[in-house]
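> One structure, pasted below without further comment.
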Amino acid sequence: MAATIQDAFWLVLLGVVVGGALVAVATLLVTGRLYDQIGRGGLSIDEERGRGHPTRPAGGAAATRERDEEIRQLLAARNERRVRRGEAPLDVEEELRRLTAPAIDPALREEIRQLVVARNERRQRAGKEPLDVEAEVERQVRELG
């Protein structure tokens, strides 16, 4: 009798495994692309990409304004802490300009200067008034930011 129970156990186990595999395959075939939709929806980060629409640019004037407003809020909070400690508050707008200024390394600044000097040489050959090199370099650096 013990042998028949062991034989029955292996048959039941095999039946459960095969049955489970058949249910899994059937579920996969019935659901189709349902699993591809997991994580998509109105709150999904890549929702625009998921629908095949071109993505919106990450930058832009609205993003810059939002970033600057958040930095202003952080600087205002920092100023409040400074005042509570008895320190002098910082100028929020000046600190914002300093923090958001473009990071221009000396090699890039020198390359811009060389381009301005070359442009001045072309302007002089054309009989035009040369540009102020330093002012033009600073203007182009500001445009990069």
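We label chains A, B, ... in the order they appear in the structure tokens, count residues from 1 in each chain, and number ligands from 1 in the order shown.
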Within stretch 67-112 of chain A, find each residue whose DSSP state, derived from the backbone, is alpha helix (DSSP H), and express the selection as an NGL selection string.
:A and (67-84 or 92-100 or 106-112)
> Got a sec: who's within 8 Å of stretch 67-74 of chain A, counting only C-alpha atoms, leaving out chain neighbours fewer than 5 positions off, as a PyMOL selection string?
chain A and resi 92-93+96
> Keeping only C-alpha atoms, write those residues as a PDB file, in the first residue's frame.

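That gives us out.pdb:
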```pdb
ATOM      1  CA  VAL A  92      18.872  86.414  -3.387  1.00  0.00           C
ATOM      2  CA  GLU A  93      18.962  87.683  -6.982  1.00  0.00           C
ATOM      3  CA  LEU A  96      20.776  83.220  -8.141  1.00  0.00           C
TER       4      LEU A  96
END
```
> For A:Ile112, please output as number ranges by chain all residues within 10 Å (counting only C-alpha atoms; exclusion window: fewer than 5 positions along the same chain).
A: 106-107, 117-118, 133, 136-138, 140-141
> Quick one: write out the picked residues with N, CA and C atoms as a short mmCIF file (atom, residue, chain, number, x, y, z; two decimals), in the first residue's frame?

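Contents of selection.cif, as written:
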```cif
data_model
loop_
_atom_site.label_atom_id
_atom_site.label_comp_id
_atom_site.auth_asym_id
_atom_site.auth_seq_id
_atom_site.Cartn_x
_atom_site.Cartn_y
_atom_site.Cartn_z
N PRO A 106 38.55 78.11 -18.83
CA PRO A 106 39.46 79.05 -19.48
C PRO A 106 39.78 78.69 -20.94
N ALA A 107 39.83 77.41 -21.28
CA ALA A 107 40.14 77.02 -22.66
C ALA A 107 39.02 77.46 -23.61
N VAL A 117 38.74 87.79 -32.17
CA VAL A 117 39.89 88.46 -32.80
C VAL A 117 39.89 88.22 -34.31
N ALA A 118 39.62 86.98 -34.73
CA ALA A 118 39.56 86.67 -36.16
C ALA A 118 38.42 87.44 -36.83
N VAL A 133 36.90 93.55 -27.99
CA VAL A 133 37.13 92.11 -27.84
C VAL A 133 36.56 91.61 -26.51
N GLU A 136 32.74 91.66 -26.39
CA GLU A 136 32.17 90.65 -27.27
C GLU A 136 32.35 89.25 -26.69
N VAL A 137 33.49 88.99 -26.05
CA VAL A 137 33.71 87.69 -25.42
C VAL A 137 32.69 87.50 -24.30
N GLU A 138 32.49 88.51 -23.47
CA GLU A 138 31.52 88.40 -22.37
C GLU A 138 30.10 88.21 -22.89
N GLN A 140 29.20 86.74 -25.71
CA GLN A 140 29.06 85.38 -26.23
C GLN A 140 29.03 84.35 -25.09
N VAL A 141 29.78 84.62 -24.02
CA VAL A 141 29.73 83.73 -22.87
C VAL A 141 28.34 83.76 -22.24
#
```
> What is the distance, in Å and to one decimal place, between atom CA of A:Leu144 and atom CA of A:Arg125?
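If I compute the distance from atom CA of A:Leu144 to atom CA of A:Arg125, I get 27.9 Å.
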